[in-house]
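Student: Coordinates in structure13.csv, CSV, N, CA and C atoms, are listed below.
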chain,number,residue,atom,x,y,z
A,106,MET,N,77.3,-28.1,33.6
A,106,MET,CA,75.9,-27.9,34.0
A,106,MET,C,75.1,-29.2,33.7
A,107,GLN,N,74.3,-29.5,34.6
A,107,GLN,CA,73.4,-30.7,34.5
A,107,GLN,C,72.0,-30.3,34.2
A,108,ALA,N,71.3,-31.1,33.4
A,108,ALA,CA,69.9,-30.9,33.2
A,108,ALA,C,69.2,-32.3,33.1
A,109,GLN,N,68.0,-32.4,33.5
A,109,GLN,CA,67.3,-33.7,33.5
A,109,GLN,C,65.9,-33.5,33.0
A,110,ALA,N,65.4,-34.6,32.6
A,110,ALA,CA,64.0,-34.7,32.1
A,110,ALA,C,63.4,-36.0,32.6
A,111,THR,N,62.1,-36.0,33.0
A,111,THR,CA,61.5,-37.1,33.5
A,111,THR,C,60.1,-37.4,32.8
A,112,ALA,N,59.8,-38.6,32.6
A,112,ALA,CA,58.5,-39.0,32.1
A,112,ALA,C,57.9,-40.0,33.1
A,113,LYS,N,56.8,-39.7,33.6
A,113,LYS,CA,56.2,-40.5,34.7
A,113,LYS,C,54.9,-41.2,34.2
A,114,PHE,N,54.6,-42.3,34.8
A,114,PHE,CA,53.4,-43.1,34.5
A,114,PHE,C,53.3,-43.5,33.1
A,115,VAL,N,54.3,-43.9,32.5
A,115,VAL,CA,54.4,-44.3,31.1
A,115,VAL,C,54.0,-45.7,30.9
A,116,ARG,N,53.2,-46.0,29.9
A,116,ARG,CA,52.7,-47.4,29.8
A,116,ARG,C,53.6,-48.3,29.0
A,117,TYR,N,54.8,-48.4,29.5
A,117,TYR,CA,55.8,-49.4,29.1
A,117,TYR,C,56.3,-50.1,30.3
A,118,THR,N,56.8,-51.3,30.2
A,118,THR,CA,57.3,-52.0,31.4
A,118,THR,C,58.8,-51.5,31.6
A,119,SER,N,59.2,-51.4,32.8
A,119,SER,CA,60.5,-50.8,33.1
A,119,SER,C,61.6,-51.7,32.5
A,120,ARG,N,61.3,-53.0,32.4
A,120,ARG,CA,62.3,-53.9,31.9
A,120,ARG,C,62.6,-53.6,30.4
A,121,LYS,N,61.6,-53.4,29.6
A,121,LYS,CA,61.8,-53.1,28.2
A,121,LYS,C,62.5,-51.7,28.0
A,122,VAL,N,62.1,-50.7,28.8
A,122,VAL,CA,62.7,-49.4,28.7
A,122,VAL,C,64.2,-49.5,29.1
A,123,ASN,N,64.5,-50.3,30.1
A,123,ASN,CA,65.9,-50.4,30.6
A,123,ASN,C,66.8,-51.0,29.5
A,124,GLN,N,66.3,-51.9,28.6
A,124,GLN,CA,67.1,-52.5,27.6
A,124,GLN,C,67.5,-51.4,26.6
A,125,VAL,N,66.7,-50.4,26.4
A,125,VAL,CA,67.0,-49.2,25.5
A,125,VAL,C,68.0,-48.3,26.2
A,126,LEU,N,67.8,-48.1,27.5
A,126,LEU,CA,68.7,-47.1,28.3
A,126,LEU,C,70.1,-47.6,28.4
A,127,THR,N,70.3,-48.9,28.4
A,127,THR,CA,71.6,-49.5,28.6
A,127,THR,C,72.5,-49.1,27.3
A,128,LEU,N,71.8,-48.9,26.2
A,128,LEU,CA,72.5,-48.6,25.0
A,128,LEU,C,73.0,-47.1,24.9
A,129,ILE,N,72.4,-46.2,25.7
A,129,ILE,CA,72.7,-44.8,25.6
A,129,ILE,C,73.5,-44.3,26.8
A,130,ARG,N,73.6,-45.0,27.9
A,130,ARG,CA,74.2,-44.5,29.1
A,130,ARG,C,75.7,-44.2,28.8
A,131,ASN,N,76.2,-43.1,29.3
A,131,ASN,CA,77.5,-42.6,29.2
A,131,ASN,C,78.0,-42.4,27.8
A,132,LYS,N,77.1,-42.1,26.9
A,132,LYS,CA,77.5,-41.8,25.5
A,132,LYS,C,77.2,-40.3,25.2
A,133,LYS,N,77.8,-39.8,24.2
A,133,LYS,CA,77.5,-38.4,23.8
A,133,LYS,C,76.1,-38.4,23.2
A,134,VAL,N,75.4,-37.2,23.3
A,134,VAL,CA,74.0,-37.1,22.9
A,134,VAL,C,73.9,-37.3,21.5
A,135,GLU,N,74.8,-36.9,20.6
A,135,GLU,CA,74.7,-37.1,19.2
A,135,GLU,C,74.7,-38.6,18.9
A,136,LYS,N,75.6,-39.3,19.5
A,136,LYS,CA,75.6,-40.8,19.3
A,136,LYS,C,74.4,-41.5,19.8
A,137,ALA,N,73.8,-41.0,21.0
A,137,ALA,CA,72.6,-41.5,21.5
A,137,ALA,C,71.4,-41.3,20.6
A,138,PHE,N,71.3,-40.2,20.0
A,138,PHE,CA,70.2,-39.9,19.0
A,138,PHE,C,70.3,-40.8,17.8
A,139,GLU,N,71.6,-41.0,17.4
A,139,GLU,CA,71.8,-41.9,16.2
A,139,GLU,C,71.3,-43.4,16.6
A,140,THR,N,71.8,-43.8,17.7
A,140,THR,CA,71.4,-45.2,18.2
A,140,THR,C,69.9,-45.3,18.3
A,141,LEU,N,69.2,-44.4,18.9
A,141,LEU,CA,67.8,-44.5,19.1
A,141,LEU,C,67.0,-44.4,17.8
A,142,SER,N,67.5,-43.7,16.8
A,142,SER,CA,66.7,-43.6,15.6
A,142,SER,C,66.7,-44.9,14.8
A,143,PHE,N,67.7,-45.7,15.0
A,143,PHE,CA,67.8,-47.0,14.2
A,143,PHE,C,67.4,-48.2,15.0
A,144,LEU,N,67.0,-48.0,16.3
A,144,LEU,CA,66.7,-49.1,17.2
A,144,LEU,C,65.3,-49.6,16.9
A,145,PRO,N,65.1,-51.0,16.7
A,145,PRO,CA,63.8,-51.5,16.4
A,145,PRO,C,62.9,-51.8,17.6
A,146,LYS,N,62.9,-51.0,18.6
A,146,LYS,CA,62.2,-51.2,19.8
A,146,LYS,C,61.2,-50.0,20.0
A,147,SER,N,60.0,-50.3,20.4
A,147,SER,CA,59.0,-49.2,20.5
A,147,SER,C,59.3,-48.3,21.7
A,148,ALA,N,60.1,-48.7,22.7
A,148,ALA,CA,60.4,-47.8,23.8
A,148,ALA,C,61.5,-46.8,23.3
A,149,ALA,N,62.1,-47.0,22.2
A,149,ALA,CA,63.2,-46.1,21.7
A,149,ALA,C,62.6,-44.7,21.4
A,150,THR,N,61.3,-44.7,20.9
A,150,THR,CA,60.7,-43.4,20.7
A,150,THR,C,60.4,-42.6,21.9
A,151,LEU,N,60.0,-43.3,23.0
A,151,LEU,CA,59.8,-42.7,24.3
A,151,LEU,C,61.1,-42.1,24.8
A,152,VAL,N,62.2,-42.9,24.8
A,152,VAL,CA,63.5,-42.5,25.3
A,152,VAL,C,64.0,-41.3,24.5
A,153,GLU,N,63.8,-41.3,23.2
A,153,GLU,CA,64.3,-40.2,22.4
A,153,GLU,C,63.5,-38.9,22.7
A,154,LYS,N,62.3,-39.0,23.0
A,154,LYS,CA,61.5,-37.9,23.4
A,154,LYS,C,62.0,-37.3,24.7
A,155,VAL,N,62.3,-38.1,25.7
A,155,VAL,CA,62.7,-37.7,27.0
A,155,VAL,C,64.1,-37.1,26.9
A,156,LEU,N,65.0,-37.7,26.0
A,156,LEU,CA,66.3,-37.2,25.8
A,156,LEU,C,66.3,-35.8,25.1
A,157,LYS,N,65.4,-35.6,24.2
A,157,LYS,CA,65.2,-34.3,23.6
A,157,LYS,C,64.8,-33.2,24.6
A,158,SER,N,63.9,-33.6,25.5
A,158,SER,CA,63.5,-32.7,26.6
A,158,SER,C,64.6,-32.4,27.5
A,159,ALA,N,65.5,-33.4,27.8
A,159,ALA,CA,66.7,-33.1,28.7
A,159,ALA,C,67.6,-32.1,28.0
A,160,VAL,N,67.8,-32.3,26.7
A,160,VAL,CA,68.7,-31.4,26.0
A,160,VAL,C,68.1,-30.0,26.0
A,161,ALA,N,66.8,-29.9,25.8
A,161,ALA,CA,66.2,-28.6,25.8
A,161,ALA,C,66.3,-27.9,27.2
A,162,ASN,N,66.2,-28.7,28.2
A,162,ASN,CA,66.3,-28.2,29.6
A,162,ASN,C,67.8,-27.7,29.9
A,163,SER,N,68.7,-28.2,29.1
A,163,SER,CA,70.1,-27.8,29.3
A,163,SER,C,70.4,-26.4,28.7
A,164,GLY,N,69.5,-26.0,27.8
A,164,GLY,CA,69.6,-24.7,27.2
A,164,GLY,C,70.4,-24.7,25.9
A,165,LYS,N,70.8,-25.9,25.4
A,165,LYS,CA,71.6,-26.1,24.2
A,165,LYS,C,70.8,-26.9,23.2
A,166,LEU,N,69.6,-26.4,22.8
A,166,LEU,CA,68.7,-27.1,22.0
A,166,LEU,C,69.3,-27.3,20.6
A,167,ASN,N,69.9,-26.3,20.0
A,167,ASN,CA,70.4,-26.4,18.6
A,167,ASN,C,71.8,-27.0,18.6
A,168,ASP,N,72.6,-26.7,19.6
A,168,ASP,CA,74.0,-27.2,19.6
A,168,ASP,C,74.2,-28.1,20.8
A,169,TYR,N,74.0,-29.4,20.6
A,169,TYR,CA,74.2,-30.3,21.7
A,169,TYR,C,75.4,-31.2,21.5
A,170,SER,N,76.4,-30.6,20.8
A,170,SER,CA,77.7,-31.4,20.6
A,170,SER,C,78.5,-31.6,21.8
A,171,GLY,N,78.4,-30.7,22.8
A,171,GLY,CA,79.2,-30.8,24.0
A,171,GLY,C,78.5,-31.5,25.2
A,172,LEU,N,77.4,-32.2,24.9
A,172,LEU,CA,76.6,-32.9,25.9
A,172,LEU,C,76.8,-34.4,25.9
A,173,LYS,N,76.7,-35.0,27.1
A,173,LYS,CA,76.7,-36.5,27.1
A,173,LYS,C,75.6,-36.9,28.1
A,174,VAL,N,75.2,-38.1,28.0
A,174,VAL,CA,74.2,-38.7,28.9
A,174,VAL,C,74.9,-39.2,30.1
A,175,LYS,N,74.7,-38.5,31.2
A,175,LYS,CA,75.4,-38.9,32.4
A,175,LYS,C,74.8,-40.0,33.1
A,176,GLU,N,73.5,-39.9,33.3
A,176,GLU,CA,72.7,-41.0,34.0
A,176,GLU,C,71.4,-41.2,33.2
A,177,ALA,N,70.9,-42.4,33.3
A,177,ALA,CA,69.6,-42.7,32.7
A,177,ALA,C,69.1,-43.9,33.5
A,178,TRP,N,68.0,-43.7,34.1
A,178,TRP,CA,67.4,-44.8,34.9
A,178,TRP,C,65.9,-44.9,34.7
A,179,VAL,N,65.4,-46.1,35.1
A,179,VAL,CA,63.9,-46.3,35.0
A,179,VAL,C,63.5,-47.0,36.2
A,180,GLY,N,62.4,-46.6,36.8
A,180,GLY,CA,61.8,-47.3,37.9
A,180,GLY,C,60.4,-47.7,37.7
A,181,GLY,N,59.9,-48.7,38.4
A,181,GLY,CA,58.6,-49.2,38.2
A,181,GLY,C,57.5,-48.2,38.7
A,182,GLY,N,56.5,-48.0,38.0
A,182,GLY,CA,55.4,-47.2,38.5
A,182,GLY,C,54.2,-48.1,39.0
A,183,PRO,N,53.1,-47.5,39.2
A,183,PRO,CA,51.9,-48.3,39.6
A,183,PRO,C,51.5,-49.3,38.6
A,184,THR,N,51.0,-50.4,39.0
A,184,THR,CA,50.5,-51.4,38.1
A,184,THR,C,49.0,-51.3,38.0
A,185,LEU,N,48.5,-51.3,36.7
A,185,LEU,CA,47.0,-51.3,36.5
A,185,LEU,C,46.6,-52.7,36.4
A,186,LYS,N,45.6,-53.1,37.3
A,186,LYS,CA,45.2,-54.4,37.4
A,186,LYS,C,43.8,-54.6,36.6
A,187,ARG,N,43.8,-55.5,35.7
A,187,ARG,CA,42.6,-55.8,34.8
A,187,ARG,C,42.3,-57.2,34.9
A,188,MET,N,41.1,-57.6,34.4
A,188,MET,CA,40.7,-59.0,34.4
A,188,MET,C,40.4,-59.4,32.9
A,189,ARG,N,40.8,-60.6,32.7
A,189,ARG,CA,40.6,-61.2,31.3
A,189,ARG,C,39.8,-62.5,31.5
A,190,PRO,N,38.9,-62.8,30.5
A,190,PRO,CA,38.1,-64.0,30.6
A,190,PRO,C,39.0,-65.2,30.6
A,191,GLY,N,38.7,-66.1,31.5
A,191,GLY,CA,39.5,-67.4,31.6
A,191,GLY,C,38.6,-68.6,31.3
A,192,PRO,N,39.1,-69.8,31.5
A,192,PRO,CA,38.4,-71.0,31.3
A,192,PRO,C,37.2,-71.2,32.3
A,193,GLN,N,36.1,-71.7,31.8
A,193,GLN,CA,35.0,-72.1,32.7
A,193,GLN,C,34.4,-70.9,33.4
A,194,GLY,N,34.4,-69.8,32.8
A,194,GLY,CA,33.7,-68.6,33.3
A,194,GLY,C,34.6,-67.8,34.4
A,195,ARG,N,35.8,-68.2,34.6
A,195,ARG,CA,36.6,-67.5,35.6
A,195,ARG,C,37.3,-66.3,35.0
A,196,GLY,N,37.8,-65.5,35.8
A,196,GLY,CA,38.5,-64.3,35.4
A,196,GLY,C,40.0,-64.5,35.7
A,197,MET,N,40.9,-64.2,34.7
A,197,MET,CA,42.3,-64.3,34.9
A,197,MET,C,42.9,-62.8,35.1
A,198,PRO,N,43.7,-62.6,36.1
A,198,PRO,CA,44.3,-61.2,36.3
A,198,PRO,C,45.3,-60.9,35.2
A,199,VAL,N,45.3,-59.6,34.8
A,199,VAL,CA,46.3,-59.1,33.9
A,199,VAL,C,46.9,-57.9,34.5
A,200,LYS,N,48.3,-57.8,34.6
A,200,LYS,CA,48.9,-56.6,35.1
A,200,LYS,C,49.5,-55.8,34.0
A,201,LYS,N,49.0,-54.6,33.9
A,201,LYS,CA,49.5,-53.6,32.9
A,201,LYS,C,50.5,-52.7,33.6
A,202,ARG,N,51.7,-52.9,33.4
A,202,ARG,CA,52.8,-52.2,34.2
A,202,ARG,C,53.1,-50.8,33.6
A,203,THR,N,53.5,-49.9,34.5
A,203,THR,CA,53.9,-48.6,34.1
A,203,THR,C,55.3,-48.3,34.6
A,204,CYS,N,55.9,-47.2,34.2
A,204,CYS,CA,57.3,-46.9,34.7
A,204,CYS,C,57.5,-45.4,34.7
A,205,HIS,N,58.5,-45.0,35.4
A,205,HIS,CA,59.0,-43.6,35.5
A,205,HIS,C,60.4,-43.6,34.9
A,206,LEU,N,60.7,-42.7,34.0
A,206,LEU,CA,61.9,-42.7,33.3
A,206,LEU,C,62.6,-41.3,33.5
A,207,THR,N,63.9,-41.3,33.8
A,207,THR,CA,64.7,-40.1,34.1
A,207,THR,C,66.0,-40.2,33.3
A,208,ILE,N,66.3,-39.1,32.6
A,208,ILE,CA,67.6,-39.0,31.9
A,208,ILE,C,68.3,-37.7,32.3
A,209,VAL,N,69.5,-37.8,32.7
A,209,VAL,CA,70.4,-36.6,33.1
A,209,VAL,C,71.5,-36.4,32.1
A,210,VAL,N,71.6,-35.2,31.5
A,210,VAL,CA,72.6,-34.9,30.6
A,210,VAL,C,73.5,-33.8,31.2
A,211,THR,N,74.8,-33.8,30.8
A,211,THR,CA,75.8,-32.9,31.4
A,211,THR,C,76.8,-32.5,30.3
A,212,ASP,N,77.6,-31.5,30.6
A,212,ASP,CA,78.6,-31.1,29.7
A,212,ASP,C,79.7,-32.1,29.7
A,213,VAL,N,80.4,-32.3,28.5
A,213,VAL,CA,81.4,-33.3,28.4
A,213,VAL,C,82.6,-33.0,29.3
A,214,GLY,N,83.0,-31.8,29.5
A,214,GLY,CA,84.2,-31.4,30.2
A,214,GLY,C,84.0,-31.4,31.7
A,215,VAL,N,82.7,-31.5,32.2
A,215,VAL,CA,82.5,-31.4,33.6
A,215,VAL,C,82.6,-32.8,34.2
A,216,SER,N,83.4,-32.9,35.3
A,216,SER,CA,83.5,-34.1,36.1
A,216,SER,C,82.6,-34.1,37.3
A,217,ASP,N,82.4,-35.3,37.8
A,217,ASP,CA,81.5,-35.4,39.0
A,217,ASP,C,82.1,-35.1,40.3
A,218,GLY,N,83.4,-34.7,40.3
A,218,GLY,CA,84.1,-34.5,41.5
A,218,GLY,C,84.7,-35.7,42.2
A,219,LYS,N,84.5,-36.8,41.6
A,219,LYS,CA,85.0,-38.1,42.2
A,219,LYS,C,86.3,-38.3,41.5
A,220,ARG,N,87.3,-38.6,42.4
A,220,ARG,CA,88.6,-38.9,41.9
A,220,ARG,C,88.9,-40.3,42.1
A,221,LYS,N,89.8,-40.9,41.2
A,221,LYS,CA,90.2,-42.2,41.4
A,221,LYS,C,91.3,-42.2,42.5
A,222,LYS,N,91.2,-43.2,43.4
A,222,LYS,CA,92.1,-43.3,44.5
A,222,LYS,C,93.3,-44.0,44.0
A,223,LYS,N,94.5,-43.6,44.5
A,223,LYS,CA,95.7,-44.4,44.1
A,223,LYS,C,95.7,-45.7,44.9
A,224,VAL,N,96.1,-46.7,44.2
A,224,VAL,CA,96.2,-48.0,44.8
A,224,VAL,C,97.6,-48.2,45.4
A,225,VAL,N,97.7,-48.3,46.7
A,225,VAL,CA,99.0,-48.4,47.3
A,225,VAL,C,99.2,-49.9,47.6
A,226,LYS,N,100.3,-50.5,47.1
A,226,LYS,CA,100.6,-51.9,47.4
A,226,LYS,C,101.3,-52.0,48.7
A,227,PRO,N,100.9,-52.9,49.6
A,227,PRO,CA,101.5,-53.1,50.9
A,227,PRO,C,103.0,-53.6,50.7
A,228,GLN,N,103.9,-53.0,51.4
A,228,GLN,CA,105.3,-53.5,51.3
A,228,GLN,C,105.5,-54.7,52.2
A,229,THR,N,106.1,-55.7,51.6
A,229,THR,CA,106.4,-56.9,52.4
A,229,THR,C,107.7,-56.7,53.2
A,230,ALA,N,107.7,-57.2,54.4
A,230,ALA,CA,109.0,-57.1,55.2
A,230,ALA,C,109.9,-58.2,54.8
A,231,GLU,N,111.2,-57.9,54.8
A,231,GLU,CA,112.2,-58.9,54.4
A,231,GLU,C,112.4,-59.8,55.6
A,232,ILE,N,112.5,-61.1,55.3
A,232,ILE,CA,112.7,-62.1,56.3
A,232,ILE,C,114.2,-62.4,56.5
A,233,LYS,N,114.7,-62.2,57.7
A,233,LYS,CA,116.1,-62.5,58.0
A,233,LYS,C,116.2,-64.0,58.3
A,234,THR,N,117.2,-64.6,57.7
A,234,THR,CA,117.5,-66.0,58.0
A,234,THR,C,118.8,-66.1,58.6
A,235,LYS,N,119.0,-67.1,59.5
A,235,LYS,CA,120.3,-67.3,60.2
A,235,LYS,C,121.2,-68.2,59.4
Reformat the file's structure so that it appears as structure tokens.

Tutor:
Amino acid sequence: MQAQATAKFVRYTSRKVNQVLTLIRNKKVEKAFETLSFLPKSAATLVEKVLKSAVANSGKLNDYSGLKVKEAWVGGGPTLKRMRPGPQGRGMPVKKRTCHLTIVVTDVGVSDGKRKKKVVKPQTAEIKTK
């Protein structure tokens, strides 16, 4: 069974959140919580919050030993445009970026239905010499 959680319009840049997400993708939820608790990035608290929500959505809030992070992605949200004082009375633009974060958790034993294809090597024809 899959469950997902989403946080939208979050005031973090998608680039900084993606650095944290790369550390927890395809890992067990227990290991992901361990990693996030010791990570010195401010986005780690946001990712931990969304991961807790995804675990709660799966219905296994107290026992999440059989869950793993199947997918975790971040996309850019709308940019808040502000002005900052610049030299000689001008205004300099500032872009305050936002992002949308989604985490999908699934049971460890469940596969996605994709099978690895067998690689068949082409057979070479024997060359007859006279």

Student: Please provide as a list in words all residues within 6.5 Å of Ala159 (chain A), with the sequence filter that same-chain residues fewer than 2 positions apart are discarded (counting all atoms listed in the file).

Tutor: Ala108, Gln109, Ala110, Lys154, Val155, Leu156, Lys157, Ala161, Asn162, Ser163, Gly164, Ile208 and Val210 of chain A

Student: Write out as a ChimeraX atom specification each polymer residue whose atoms come within 7 Å of Ser119 (chain A), counting only N, CA and C atoms; drop sequence neighbours fewer than 2 positions from it.

Tutor: /A:117,121-124,179-182,202-205

Student: Among region 141-192 of chain A, which ones does DSSP place in strand (DSSP E), written as a PDB file with N, CA and C atoms, in the coordinates of the input?

Tutor:
ATOM      1  N   LEU A 172      77.400 -32.200  24.900  1.00  0.00           N
ATOM      2  CA  LEU A 172      76.600 -32.900  25.900  1.00  0.00           C
ATOM      3  C   LEU A 172      76.800 -34.400  25.900  1.00  0.00           C
ATOM      4  N   LYS A 173      76.700 -35.000  27.100  1.00  0.00           N
ATOM      5  CA  LYS A 173      76.700 -36.500  27.100  1.00  0.00           C
ATOM      6  C   LYS A 173      75.600 -36.900  28.100  1.00  0.00           C
ATOM      7  N   VAL A 174      75.200 -38.100  28.000  1.00  0.00           N
ATOM      8  CA  VAL A 174      74.200 -38.700  28.900  1.00  0.00           C
ATOM      9  C   VAL A 174      74.900 -39.200  30.100  1.00  0.00           C
ATOM     10  N   LYS A 175      74.700 -38.500  31.200  1.00  0.00           N
ATOM     11  CA  LYS A 175      75.400 -38.900  32.400  1.00  0.00           C
ATOM     12  C   LYS A 175      74.800 -40.000  33.100  1.00  0.00           C
ATOM     13  N   GLU A 176      73.500 -39.900  33.300  1.00  0.00           N
ATOM     14  CA  GLU A 176      72.700 -41.000  34.000  1.00  0.00           C
ATOM     15  C   GLU A 176      71.400 -41.200  33.200  1.00  0.00           C
ATOM     16  N   ALA A 177      70.900 -42.400  33.300  1.00  0.00           N
ATOM     17  CA  ALA A 177      69.600 -42.700  32.700  1.00  0.00           C
ATOM     18  C   ALA A 177      69.100 -43.900  33.500  1.00  0.00           C
ATOM     19  N   TRP A 178      68.000 -43.700  34.100  1.00  0.00           N
ATOM     20  CA  TRP A 178      67.400 -44.800  34.900  1.00  0.00           C
ATOM     21  C   TRP A 178      65.900 -44.900  34.700  1.00  0.00           C
ATOM     22  N   VAL A 179      65.400 -46.100  35.100  1.00  0.00           N
ATOM     23  CA  VAL A 179      63.900 -46.300  35.000  1.00  0.00           C
ATOM     24  C   VAL A 179      63.500 -47.000  36.200  1.00  0.00           C
ATOM     25  N   GLY A 180      62.400 -46.600  36.800  1.00  0.00           N
ATOM     26  CA  GLY A 180      61.800 -47.300  37.900  1.00  0.00           C
ATOM     27  C   GLY A 180      60.400 -47.700  37.700  1.00  0.00           C
ATOM     28  N   GLY A 181      59.900 -48.700  38.400  1.00  0.00           N
ATOM     29  CA  GLY A 181      58.600 -49.200  38.200  1.00  0.00           C
ATOM     30  C   GLY A 181      57.500 -48.200  38.700  1.00  0.00           C
ATOM     31  N   LEU A 185      48.500 -51.300  36.700  1.00  0.00           N
ATOM     32  CA  LEU A 185      47.000 -51.300  36.500  1.00  0.00           C
ATOM     33  C   LEU A 185      46.600 -52.700  36.400  1.00  0.00           C
ATOM     34  N   LYS A 186      45.600 -53.100  37.300  1.00  0.00           N
ATOM     35  CA  LYS A 186      45.200 -54.400  37.400  1.00  0.00           C
ATOM     36  C   LYS A 186      43.800 -54.600  36.600  1.00  0.00           C
ATOM     37  N   ARG A 187      43.800 -55.500  35.700  1.00  0.00           N
ATOM     38  CA  ARG A 187      42.600 -55.800  34.800  1.00  0.00           C
ATOM     39  C   ARG A 187      42.300 -57.200  34.900  1.00  0.00           C
ATOM     40  N   MET A 188      41.100 -57.600  34.400  1.00  0.00           N
ATOM     41  CA  MET A 188      40.700 -59.000  34.400  1.00  0.00           C
ATOM     42  C   MET A 188      40.400 -59.400  32.900  1.00  0.00           C
ATOM     43  N   ARG A 189      40.800 -60.600  32.700  1.00  0.00           N
ATOM     44  CA  ARG A 189      40.600 -61.200  31.300  1.00  0.00           C
ATOM     45  C   ARG A 189      39.800 -62.500  31.500  1.00  0.00           C
ATOM     46  N   PRO A 190      38.900 -62.800  30.500  1.00  0.00           N
ATOM     47  CA  PRO A 190      38.100 -64.000  30.600  1.00  0.00           C
ATOM     48  C   PRO A 190      39.000 -65.200  30.600  1.00  0.00           C
TER      49      PRO A 190
END

Student: Determine which residues of region 152-228 of chain A DSSP labels as helix (DSSP H, G or I) from the backbone of this structure, then write them out as a ChimeraX atom specification.

Tutor: /A:152-163,192-194

Student: Pick out the residues sitting within 12 Å of Ser142 (chain A), and hand them over as a ChimeraX atom specification; count only C-alpha atoms, and ignore anything fewer than 3 positions along from it in its own chain.

Tutor: /A:125,129,135-139,145-154

Student: May I have the selected residues written with N, CA and C atoms, as a CSV table (one decimal), in the coordinates of the input?

Tutor:
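Okay, this is what ended up in result_20.csv:
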chain,number,residue,atom,x,y,z
A,125,VAL,N,66.7,-50.4,26.4
A,125,VAL,CA,67.0,-49.2,25.5
A,125,VAL,C,68.0,-48.3,26.2
A,129,ILE,N,72.4,-46.2,25.7
A,129,ILE,CA,72.7,-44.8,25.6
A,129,ILE,C,73.5,-44.3,26.8
A,135,GLU,N,74.8,-36.9,20.6
A,135,GLU,CA,74.7,-37.1,19.2
A,135,GLU,C,74.7,-38.6,18.9
A,136,LYS,N,75.6,-39.3,19.5
A,136,LYS,CA,75.6,-40.8,19.3
A,136,LYS,C,74.4,-41.5,19.8
A,137,ALA,N,73.8,-41.0,21.0
A,137,ALA,CA,72.6,-41.5,21.5
A,137,ALA,C,71.4,-41.3,20.6
A,138,PHE,N,71.3,-40.2,20.0
A,138,PHE,CA,70.2,-39.9,19.0
A,138,PHE,C,70.3,-40.8,17.8
A,139,GLU,N,71.6,-41.0,17.4
A,139,GLU,CA,71.8,-41.9,16.2
A,139,GLU,C,71.3,-43.4,16.6
A,145,PRO,N,65.1,-51.0,16.7
A,145,PRO,CA,63.8,-51.5,16.4
A,145,PRO,C,62.9,-51.8,17.6
A,146,LYS,N,62.9,-51.0,18.6
A,146,LYS,CA,62.2,-51.2,19.8
A,146,LYS,C,61.2,-50.0,20.0
A,147,SER,N,60.0,-50.3,20.4
A,147,SER,CA,59.0,-49.2,20.5
A,147,SER,C,59.3,-48.3,21.7
A,148,ALA,N,60.1,-48.7,22.7
A,148,ALA,CA,60.4,-47.8,23.8
A,148,ALA,C,61.5,-46.8,23.3
A,149,ALA,N,62.1,-47.0,22.2
A,149,ALA,CA,63.2,-46.1,21.7
A,149,ALA,C,62.6,-44.7,21.4
A,150,THR,N,61.3,-44.7,20.9
A,150,THR,CA,60.7,-43.4,20.7
A,150,THR,C,60.4,-42.6,21.9
A,151,LEU,N,60.0,-43.3,23.0
A,151,LEU,CA,59.8,-42.7,24.3
A,151,LEU,C,61.1,-42.1,24.8
A,152,VAL,N,62.2,-42.9,24.8
A,152,VAL,CA,63.5,-42.5,25.3
A,152,VAL,C,64.0,-41.3,24.5
A,153,GLU,N,63.8,-41.3,23.2
A,153,GLU,CA,64.3,-40.2,22.4
A,153,GLU,C,63.5,-38.9,22.7
A,154,LYS,N,62.3,-39.0,23.0
A,154,LYS,CA,61.5,-37.9,23.4
A,154,LYS,C,62.0,-37.3,24.7

Student: What does the structure give for the distance between CA of Thr118 (chain A) and CA of Lys132 (chain A), in Å to one decimal?

Tutor: 23.4 Å

Student: Rank A:Lys165, A:Arg189, A:Lys173, A:Lys113 by their smallest atom-to-atom distance to Leu206 (chain A), using only N, CA and C atoms, and report the top residue only.

Tutor: A:Lys113

Student: Please return, as a ChimeraX atom specification, all polymer residues that have at least one atom within 7 Å of the point (83.0, -31.4, 26.1); use all atoms listed in the file and the file's own coordinate frame.

Tutor: /A:170-172,212-215

Student: Just the number, please: distance in Å from CA of Val209 (chain A) to CA of Lys175 (chain A), one decimal.

Tutor: 5.5 Å

Student: So how many Å separate atom C of Lys201 (chain A) and atom C of Glu176 (chain A), to one decimal?

Tutor: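 That distance, rounded to one decimal, is 23.9 Å.
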
Student: Between A:Lys200, A:Val134, A:Val224, A:Tyr169, which has the minimum distance to Thr184 (chain A) (counting only N, CA and C atoms)?

Tutor: A:Lys200
